[in-house]
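Participant: Structure file entry_2.txt (compact mmCIF, C-alpha atoms) right here:
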# COMPACT_ATOMS: atom_id res chain seq x y z
CA MET A 1419 64.76 -23.89 -47.68
CA LYS A 1420 65.11 -20.18 -47.02
CA ILE A 1421 63.85 -17.35 -49.25
CA LEU A 1422 65.31 -13.85 -49.32
CA PHE A 1423 62.51 -11.52 -50.44
CA ALA A 1424 63.64 -8.13 -51.79
CA THR A 1425 61.23 -5.33 -52.63
CA ASP A 1426 60.59 -1.67 -51.85
CA LEU A 1427 56.82 -2.24 -52.04
CA TYR A 1428 56.47 -3.59 -48.52
CA PRO A 1429 54.82 -2.00 -45.47
CA VAL A 1430 57.30 -1.36 -42.68
CA SER A 1431 54.56 -0.08 -40.39
CA GLU A 1432 51.01 -1.35 -39.89
CA ASN A 1433 49.81 2.24 -40.29
CA GLU A 1434 50.99 2.76 -43.88
CA LYS A 1435 47.95 3.70 -45.94
CA THR A 1436 49.57 4.02 -49.36
CA THR A 1437 51.63 0.80 -49.47
CA PRO A 1438 49.72 -2.21 -50.85
CA ARG A 1439 49.90 -5.37 -48.73
CA THR A 1440 49.92 -7.83 -51.63
CA LEU A 1441 53.62 -8.70 -51.34
CA TYR A 1442 53.30 -8.76 -47.56
CA ASP A 1443 50.60 -11.41 -48.06
CA PHE A 1444 52.95 -13.53 -50.18
CA VAL A 1445 55.67 -13.41 -47.52
CA HIS A 1446 53.30 -14.36 -44.72
CA GLY A 1447 51.71 -17.04 -46.89
CA PHE A 1448 55.14 -18.58 -47.51
CA ARG A 1449 55.83 -18.51 -43.78
CA ALA A 1450 52.47 -20.11 -43.02
CA ALA A 1451 53.54 -22.95 -45.35
CA GLY A 1452 56.63 -23.51 -43.19
CA ILE A 1453 59.17 -21.61 -45.31
CA GLU A 1454 61.73 -19.32 -43.67
CA VAL A 1455 61.63 -15.87 -45.31
CA ASP A 1456 63.87 -12.85 -44.71
CA VAL A 1457 62.67 -9.51 -46.10
CA ILE A 1458 64.95 -6.72 -47.31
CA LYS A 1459 63.50 -3.40 -48.40
CA PRO A 1460 66.10 -1.64 -50.60
CA ASN A 1461 65.03 1.97 -50.70
CA PHE A 1462 66.27 4.49 -53.27
CA ILE A 1463 65.63 7.61 -51.17
CA PHE A 1464 64.77 9.97 -54.04
CA ASN A 1465 62.24 7.49 -55.39
CA SER A 1466 60.71 7.18 -51.94
CA PHE A 1467 60.14 10.93 -51.67
CA LEU A 1468 58.92 11.12 -55.28
CA ARG A 1469 56.25 8.51 -54.52
CA LYS A 1470 55.47 10.20 -51.17
CA LYS A 1471 56.21 7.06 -49.18
CA PRO A 1472 57.04 7.12 -45.45
CA PHE A 1473 60.76 7.48 -44.78
CA TYR A 1474 62.56 5.07 -42.45
CA LYS A 1475 66.18 5.04 -41.38
CA THR A 1476 68.33 2.05 -42.31
CA GLY A 1477 67.71 -0.76 -39.86
CA PHE A 1478 65.36 -3.52 -38.74
CA TYR A 1479 61.64 -2.85 -38.32
CA ASN A 1480 59.93 -5.96 -36.98
CA ASP A 1481 60.73 -8.57 -39.65
CA VAL A 1482 61.91 -6.12 -42.35
CA TYR A 1483 65.40 -4.77 -42.94
CA ASN A 1484 65.13 -1.33 -44.57
CA VAL A 1485 68.33 -0.21 -46.30
CA ASN A 1486 68.60 3.25 -47.86
CA TYR A 1487 70.57 4.28 -50.94
CA HIS A 1488 71.20 7.80 -52.24
CA THR A 1489 71.99 6.60 -55.77
CA PRO A 1490 69.89 4.12 -57.76
CA PHE A 1491 71.91 1.04 -56.89
CA LEU A 1492 75.17 2.03 -58.53
CA GLY A 1493 78.41 0.47 -57.34
CA ASP A 1494 78.56 -2.31 -54.77
CA VAL A 1495 75.12 -2.15 -53.20
CA THR A 1496 75.74 -5.48 -51.50
CA SER A 1497 78.37 -4.00 -49.16
CA LYS A 1498 75.59 -2.80 -46.82
CA ILE A 1499 74.18 -6.33 -46.49
CA ILE A 1500 75.50 -9.13 -44.32
CA LEU A 1501 73.91 -12.52 -44.96
CA HIS A 1502 74.15 -14.46 -41.71
CA SER A 1503 72.83 -17.57 -43.43
CA MET A 1504 72.63 -18.21 -47.16
CA PRO A 1505 69.16 -18.34 -48.75
CA GLY A 1506 68.29 -20.99 -51.32
CA VAL A 1507 66.74 -18.41 -53.62
CA ILE A 1508 66.19 -14.65 -53.90
CA VAL A 1509 62.73 -13.42 -54.89
CA SER A 1510 62.46 -9.80 -56.01
CA HIS A 1511 59.53 -7.55 -56.81
CA MET A 1512 59.43 -4.04 -58.29
CA PRO A 1513 62.35 -2.54 -60.27
CA SER A 1514 64.30 -1.29 -57.24
CA GLY A 1515 63.99 -4.68 -55.57
CA THR A 1516 65.08 -6.47 -58.72
CA LEU A 1517 68.12 -4.25 -59.44
CA PHE A 1518 69.28 -4.78 -55.86
CA ALA A 1519 68.50 -8.52 -55.79
CA TYR A 1520 70.29 -9.17 -59.09
CA LYS A 1521 73.58 -7.80 -57.75
CA LEU A 1522 73.19 -9.82 -54.57
CA ALA A 1523 72.31 -13.01 -56.49
CA GLU A 1524 75.24 -12.53 -58.87
CA LYS A 1525 77.68 -11.95 -55.99
CA TYR A 1526 76.66 -15.09 -54.09
CA VAL A 1527 75.75 -17.17 -57.18
CA LEU A 1528 72.15 -17.64 -56.07
CA PRO A 1529 69.06 -18.35 -58.19
CA LEU A 1530 66.83 -15.33 -58.74
CA ILE A 1531 63.10 -15.00 -59.40
CA CYS A 1532 61.90 -11.57 -60.57
CA GLY A 1533 58.33 -10.39 -60.11
CA ILE A 1534 57.10 -8.32 -63.06
CA HIS A 1535 54.78 -5.36 -62.36
CA VAL A 1536 53.43 -2.47 -64.43
CA SER A 1537 56.39 -0.37 -63.23
CA ASP A 1538 58.81 -2.88 -64.80
CA LEU A 1539 57.03 -2.55 -68.14
CA GLU A 1540 57.23 1.23 -67.81
CA ILE A 1541 61.02 1.03 -67.51
CA LEU A 1542 61.23 -1.31 -70.52
CA THR A 1543 59.15 0.99 -72.74
CA ASN A 1544 59.76 4.57 -71.58
CA PRO A 1545 62.68 6.26 -73.42
CA LEU A 1546 63.62 8.10 -70.20
CA TYR A 1547 64.99 4.86 -68.77
CA LYS A 1548 66.89 3.52 -71.78
CA ILE A 1549 70.38 4.65 -70.70
CA TYR A 1550 70.72 2.89 -67.34
CA PHE A 1551 67.59 1.38 -65.84
CA LYS A 1552 66.34 -0.56 -68.88
CA PRO A 1553 69.67 -2.33 -69.65
CA ALA A 1554 70.18 -3.06 -65.93
CA LEU A 1555 66.68 -4.50 -65.56
CA LEU A 1556 67.07 -6.66 -68.67
CA LYS A 1557 70.32 -8.07 -67.30
CA ALA A 1558 68.45 -9.09 -64.17
CA PHE A 1559 65.61 -10.68 -66.14
CA ARG A 1560 68.05 -12.63 -68.31
CA TYR A 1561 69.94 -13.83 -65.24
CA ALA A 1562 66.72 -14.87 -63.46
CA LYS A 1563 65.58 -18.47 -63.44
CA LEU A 1564 61.92 -17.42 -63.47
CA LEU A 1565 59.84 -14.31 -64.13
CA ALA A 1566 56.69 -14.01 -62.02
CA CYS A 1567 54.26 -11.87 -64.01
CA ARG A 1568 51.62 -10.43 -61.72
CA SER A 1569 48.79 -10.89 -64.23
CA GLU A 1570 47.93 -12.44 -67.59
CA VAL A 1571 47.92 -8.95 -69.12
CA ILE A 1572 51.46 -8.23 -67.89
CA LYS A 1573 52.66 -11.59 -69.24
CA LYS A 1574 51.19 -10.78 -72.65
CA LYS A 1575 52.76 -7.32 -72.75
CA LEU A 1576 56.17 -8.61 -71.65
CA LEU A 1577 56.20 -11.33 -74.30
CA GLU A 1578 55.27 -8.81 -76.99
CA LEU A 1579 58.46 -6.97 -76.05
CA TYR A 1580 60.70 -9.98 -75.35
CA PRO A 1581 59.44 -13.34 -76.70
CA GLU A 1582 62.73 -14.88 -75.47
CA PHE A 1583 61.33 -14.98 -71.93
CA GLU A 1584 58.41 -17.27 -72.74
CA ASN A 1585 59.89 -20.44 -71.21
CA LYS A 1586 60.58 -18.93 -67.82
CA ILE A 1587 57.36 -17.04 -67.13
CA PHE A 1588 54.62 -17.98 -64.71
CA ILE A 1589 51.70 -15.88 -63.46
CA ALA A 1590 51.85 -14.91 -59.78
CA TYR A 1591 48.34 -13.76 -59.00
CA SER A 1592 47.48 -12.48 -55.55
CA GLY A 1593 44.62 -14.01 -53.60
CA VAL A 1594 42.02 -13.00 -51.04
CA ASP A 1595 41.67 -14.23 -47.48
CA GLU A 1596 39.28 -17.17 -47.82
CA ASN A 1597 37.52 -16.06 -44.63
CA CYS A 1598 36.38 -12.92 -46.50
CA ILE A 1599 34.50 -14.83 -49.20
CA VAL A 1600 30.72 -14.66 -48.87
CA GLU A 1601 28.05 -16.24 -51.06
CA ARG A 1602 25.33 -13.90 -52.33
CA THR A 1603 24.31 -15.84 -55.40
CA ASP A 1604 20.54 -15.67 -54.76
CA GLU A 1605 20.35 -11.95 -54.00
CA ASP A 1606 18.37 -9.58 -56.15
CA LEU A 1607 19.52 -6.03 -56.77
CA HIS A 1608 18.32 -3.32 -54.39
CA ASN A 1609 15.43 -1.19 -55.67
CA LYS A 1610 17.87 1.70 -55.69
CA ILE A 1611 21.00 -0.03 -56.97
CA LYS A 1612 23.96 0.47 -54.66
CA VAL A 1613 27.15 1.22 -56.61
CA LEU A 1614 30.53 1.39 -54.88
CA THR A 1615 33.98 2.52 -55.94
CA CYS A 1616 37.13 2.63 -53.83
CA ALA A 1617 40.62 4.01 -54.53
CA ASN A 1618 43.19 6.64 -53.72
CA PHE A 1619 42.05 9.71 -55.61
CA LYS A 1620 44.46 9.76 -58.54
CA LYS A 1621 43.62 10.77 -62.10
CA ARG A 1622 44.35 7.29 -63.49
CA LYS A 1623 41.66 5.78 -61.25
CA ASN A 1624 38.98 7.54 -63.35
CA ILE A 1625 36.59 7.96 -60.44
CA ASP A 1626 35.27 11.12 -62.12
CA LYS A 1627 34.03 8.96 -65.02
CA VAL A 1628 32.07 6.75 -62.61
CA ILE A 1629 30.47 9.77 -60.94
CA LYS A 1630 29.51 11.32 -64.27
CA ALA A 1631 28.04 8.02 -65.52
CA CYS A 1632 25.94 7.53 -62.40
CA LYS A 1633 24.80 11.15 -62.39
CA CYS A 1634 22.93 10.54 -65.63
CA LEU A 1635 21.08 7.50 -64.26
CA GLU A 1636 17.99 7.10 -62.11
CA SER A 1637 17.73 4.40 -59.43
CA PHE A 1638 21.48 4.29 -58.77
CA ASP A 1639 23.07 5.29 -55.47
CA LEU A 1640 26.87 5.83 -55.62
CA THR A 1641 29.28 5.66 -52.67
CA VAL A 1642 32.95 6.60 -53.08
CA ILE A 1643 35.55 5.32 -50.59
CA GLY A 1644 38.98 6.95 -50.55
CA ASP A 1645 40.73 10.28 -50.33
CA GLY A 1646 43.30 12.47 -52.01
CA LYS A 1647 43.96 15.84 -53.62
CA LEU A 1648 41.16 15.39 -56.13
CA ARG A 1649 38.45 15.03 -53.48
CA ARG A 1650 36.95 18.53 -53.77
CA GLN A 1651 37.04 18.36 -57.54
CA LEU A 1652 35.22 15.01 -57.50
CA GLN A 1653 32.64 16.19 -54.95
CA ARG A 1654 31.70 19.10 -57.19
CA ILE A 1655 30.61 16.76 -60.02
CA ASP A 1656 27.57 15.45 -58.14
CA LYS A 1657 26.53 16.54 -54.65
CA ASN A 1658 24.31 13.45 -54.27
CA VAL A 1659 27.30 11.08 -54.14
CA THR A 1660 28.34 9.80 -50.71
CA PHE A 1661 32.06 10.28 -49.94
CA THR A 1662 33.29 8.33 -46.90
CA GLY A 1663 36.96 9.32 -46.93
CA HIS A 1664 39.66 6.73 -46.28
CA LEU A 1665 38.39 3.67 -44.39
CA PRO A 1666 40.14 0.66 -42.80
CA ARG A 1667 39.99 -2.51 -44.87
CA LYS A 1668 37.44 -4.11 -42.52
CA GLU A 1669 34.99 -1.25 -43.10
CA VAL A 1670 35.61 -1.30 -46.86
CA LEU A 1671 34.59 -4.97 -46.93
CA GLU A 1672 31.44 -4.13 -44.95
CA TYR A 1673 30.47 -1.55 -47.58
CA MET A 1674 31.17 -4.06 -50.35
CA ARG A 1675 28.89 -6.67 -48.78
CA LYS A 1676 26.04 -4.13 -48.74
CA SER A 1677 26.62 -3.02 -52.35
CA ASP A 1678 25.25 -4.43 -55.59
CA ILE A 1679 27.99 -3.29 -57.97
CA PHE A 1680 31.65 -2.46 -57.52
CA ILE A 1681 33.26 -0.48 -60.34
CA LEU A 1682 36.71 1.00 -60.83
CA PRO A 1683 37.76 1.82 -64.44
CA SER A 1684 41.38 2.36 -63.38
CA VAL A 1685 44.34 2.18 -65.76
CA GLY A 1686 47.96 1.29 -65.04
CA GLU A 1687 47.01 -1.46 -62.58
CA THR A 1688 49.37 -4.36 -61.89
CA LEU A 1689 46.48 -6.45 -60.59
CA GLY A 1690 44.10 -4.58 -58.28
CA MET A 1691 43.29 -6.48 -55.08
CA VAL A 1692 40.21 -4.33 -54.59
CA TYR A 1693 38.51 -6.13 -57.50
CA LEU A 1694 39.15 -9.54 -55.95
CA GLU A 1695 37.89 -8.30 -52.59
CA ALA A 1696 34.75 -6.99 -54.28
CA MET A 1697 34.14 -10.38 -55.90
CA ALA A 1698 34.77 -12.06 -52.54
CA SER A 1699 32.17 -9.74 -51.01
CA GLY A 1700 29.54 -10.74 -53.56
CA CYS A 1701 29.56 -7.56 -55.66
CA ILE A 1702 28.97 -7.62 -59.39
CA THR A 1703 32.43 -6.38 -60.31
CA VAL A 1704 33.29 -4.07 -63.19
CA ALA A 1705 36.99 -3.68 -64.04
CA THR A 1706 39.03 -2.23 -66.91
CA LYS A 1707 39.75 -3.95 -70.20
CA ASN A 1708 43.39 -4.95 -70.76
CA GLU A 1709 44.38 -4.14 -67.19
CA GLY A 1710 45.57 -6.39 -64.35
CA VAL A 1711 42.41 -8.28 -63.42
CA ASP A 1712 41.34 -8.84 -67.05
CA GLY A 1713 41.68 -12.60 -67.38
CA ILE A 1714 40.30 -13.34 -63.93
CA ILE A 1715 37.20 -11.29 -64.72
CA LYS A 1716 35.67 -12.40 -68.01
CA ASN A 1717 33.22 -9.99 -69.56
CA ASN A 1718 29.55 -10.98 -69.21
CA LEU A 1719 30.53 -14.28 -67.55
CA ASN A 1720 31.65 -13.51 -63.98
CA GLY A 1721 31.72 -9.72 -64.14
CA PHE A 1722 32.18 -6.95 -66.66
CA LEU A 1723 35.07 -5.20 -68.40
CA THR A 1724 34.89 -1.60 -69.54
CA SER A 1725 36.98 1.24 -70.87
CA SER A 1726 37.19 4.50 -68.94
CA ASP A 1727 34.58 6.06 -71.24
CA GLU A 1728 31.65 7.31 -69.15
CA ASN A 1729 29.08 6.33 -71.80
CA GLU A 1730 30.36 2.75 -71.86
CA ILE A 1731 30.27 2.70 -68.04
CA LYS A 1732 26.69 3.97 -68.12
CA ASP A 1733 25.67 1.28 -70.63
CA ILE A 1734 27.16 -1.47 -68.44
CA LEU A 1735 25.36 -0.20 -65.36
CA LEU A 1736 22.04 -0.14 -67.26
CA ASN A 1737 22.75 -3.62 -68.60
CA ILE A 1738 23.18 -4.90 -65.03
CA LYS A 1739 20.00 -3.14 -63.92
CA ASN A 1740 18.01 -4.81 -66.73
CA MET A 1741 19.32 -8.35 -66.20
CA ASP A 1742 16.66 -10.98 -65.54
CA LYS A 1743 16.88 -13.06 -62.36
CA LYS A 1744 18.28 -16.13 -64.11
CA SER A 1745 21.11 -14.19 -65.79
CA LEU A 1746 21.87 -12.29 -62.60
CA LYS A 1747 22.13 -15.50 -60.58
CA ALA A 1748 24.35 -17.14 -63.21
CA LEU A 1749 26.70 -14.14 -63.16
CA ARG A 1750 26.87 -14.16 -59.35
CA CYS A 1751 27.46 -17.93 -59.26
CA ASN A 1752 30.28 -17.65 -61.79
CA SER A 1753 31.88 -14.84 -59.80
CA TYR A 1754 31.63 -16.86 -56.58
CA SER A 1755 33.14 -19.94 -58.24
CA THR A 1756 35.98 -17.87 -59.65
CA ILE A 1757 36.97 -16.13 -56.44
CA LYS A 1758 37.04 -19.39 -54.48
CA GLN A 1759 39.99 -20.39 -56.69
CA TYR A 1760 41.91 -17.16 -55.93
CA THR A 1761 42.60 -17.46 -52.21
CA GLN A 1762 45.83 -16.33 -50.57
CA LYS A 1763 46.61 -19.90 -49.60
CA ALA A 1764 46.11 -21.23 -53.13
CA MET A 1765 48.11 -18.45 -54.79
CA CYS A 1766 51.00 -18.75 -52.30
CA SER A 1767 51.03 -22.52 -52.78
CA TYR A 1768 51.25 -22.11 -56.56
CA TYR A 1769 54.06 -19.55 -56.23
CA LEU A 1770 56.01 -21.94 -53.98
CA GLN A 1771 55.51 -24.79 -56.45
CA GLN A 1772 57.25 -22.69 -59.14
CA ILE A 1773 60.11 -21.91 -56.73
CA PHE A 1774 60.58 -25.59 -55.88
CA LYS A 1775 60.84 -26.44 -59.58
CA ILE A 1776 64.10 -24.50 -59.96
CA LEU A 1777 65.74 -25.75 -56.77
Take the structure from the file and write it as structure tokens.

Facilitator:
Amino acid sequence: MKILFATDLYPVSENEKTTPRTLYDFVHGFRAAGIEVDVIKPNFIFNSFLRKKPFYKTGFYNDVYNVNYHTPFLGDVTSKIILHSMPGVIVSHMPSGTLFAYKLAEKYVLPLICGIHVSDLEILTNPLYKIYFKPALLKAFRYAKLLACRSEVIKKKLLELYPEFENKIFIAYSGVDENCIVERTDEDLHNKIKVLTCANFKKRKNIDKVIKACKCLESFDLTVIGDGKLRRQLQRIDKNVTFTGHLPRKEVLEYMRKSDIFILPSVGETLGMVYLEAMASGCITVATKNEGVDGIIKNNLNGFLTSSDENEIKDILLNIKNMDKKSLKALRCNSYSTIKQYTQKAMCSYYLQQIFKIL
């Protein structure tokens, strides 16, 4: 069997800092399982510049074919694509990938699986998209054999909008490299509790709320990994916070393994691999209620869920500080048991099982 994987959320270069590697991990996981996968990156140029993504000319880059479009996939977008061998299925992720893949699947009468992200829900609910993008996306979803929701939260929100899709939804969680998982179930907290957060500095990440919450607390030492336009503004909140700037993933994991708590009260997250990596590194992990990782993290069982309110964040941090050894160990053990189930290999295997069901 051969899979054609279509998405604009795919790193063309190893040096891309702002493109998540979650879909890259799926592709390479499929290949590791013996499946042939071709990758097409359909790129609506305006959208690329709007999101400040690196620009590449149309052509092959290693194992990725980048194809540029000046209009948002109007007309015969398939004319730029030559399929040298026919895939058994097309898998798409992100709205641009899905709009492109739908036209290709319809032309060649191929089964289609559409990945559903936060950006897809935005198109379905934002009035700005109701004239073209929303109807086009719904056509693709109705044509698709399966819809791969990237989290339990996204599945719930999609079904609230369109209950008709219930029988063709599965959850396509990402997973962590099993070699990154460490066991720290017997560790006590440091005397000065080491708190870590990590993100690109965007308003929706709510890093300012973490800094303000920690500023009010004694015996907490906060480190912030990341960079962006908001850096100076964030640094002014508390001069005692350590800012590392952007770090390679290997160094981020090293910081996580030395930290007690990882917290990121971000909103608008599809999933948030950084939470899974924090759990894999043995951190007590605090994520956002009703966002991507809610469902994997269960409040007070294997981690904590919070809003972006700084007082609620402060209360959770104090709650962790005051946990007795038995409760702390139970929480760490539950987190360790959970993350062992969410490996890249396991998640890719589950995704492939769903694909095989429709073939």

Participant: State, in Å with one decimal place, the distance from atom CA of Thr1706 of chain A to atom CA of Ile1681 of chain A.

Facilitator: 8.9 Å

Participant: Using all atoms listed in the file, find all polymer residues with an atom at most 8 Å away from the point (34.3, -9.8, -52.2); report them as a PDB file with C-alpha atoms, keeping the file's coordinate frame.

Facilitator:
ATOM      1  CA  CYS A1598      36.380 -12.920 -46.500  1.00  0.00           C
ATOM      2  CA  ILE A1599      34.500 -14.830 -49.200  1.00  0.00           C
ATOM      3  CA  VAL A1600      30.720 -14.660 -48.870  1.00  0.00           C
ATOM      4  CA  LEU A1671      34.590  -4.970 -46.930  1.00  0.00           C
ATOM      5  CA  MET A1674      31.170  -4.060 -50.350  1.00  0.00           C
ATOM      6  CA  ARG A1675      28.890  -6.670 -48.780  1.00  0.00           C
ATOM      7  CA  TYR A1693      38.510  -6.130 -57.500  1.00  0.00           C
ATOM      8  CA  LEU A1694      39.150  -9.540 -55.950  1.00  0.00           C
ATOM      9  CA  GLU A1695      37.890  -8.300 -52.590  1.00  0.00           C
ATOM     10  CA  ALA A1696      34.750  -6.990 -54.280  1.00  0.00           C
ATOM     11  CA  MET A1697      34.140 -10.380 -55.900  1.00  0.00           C
ATOM     12  CA  ALA A1698      34.770 -12.060 -52.540  1.00  0.00           C
ATOM     13  CA  SER A1699      32.170  -9.740 -51.010  1.00  0.00           C
ATOM     14  CA  GLY A1700      29.540 -10.740 -53.560  1.00  0.00           C
ATOM     15  CA  CYS A1701      29.560  -7.560 -55.660  1.00  0.00           C
TER      16      CYS A1701
END

Participant: Determine the axis-aligned bounding box of all atoms of segment 1572-1577 of chain A present in the file, pad each side by 4 Å, and express its centre and edge lengths in Å to one decimal place as JSON.

Facilitator:
{"center_x": 53.7, "center_y": -9.5, "center_z": -71.1, "size_x": 13.0, "size_y": 12.3, "size_z": 14.4}

Participant: So the first atom is atom CA of Thr1496 of chain A and the second is atom CA of Lys1775 of chain A; what is the distance between them in Å, to one decimal place?

Facilitator: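 Rounded to one decimal, the two atoms are 27.0 Å apart.
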
Participant: In Å, how far is it from atom CA of Val1527 of chain A to atom CA of Ile1453 of chain A?

Facilitator: 20.9 Å

Participant: Excluding segment 1725-1731 of chain A and residues on its chain fewer than 2 positions from it, collect all residues at most 10 Å away from it, counting only C-alpha atoms, and give them as number ranges by chain.

Facilitator: A: 1622-1632, 1634, 1681-1685, 1704-1709, 1722-1723, 1733-1737
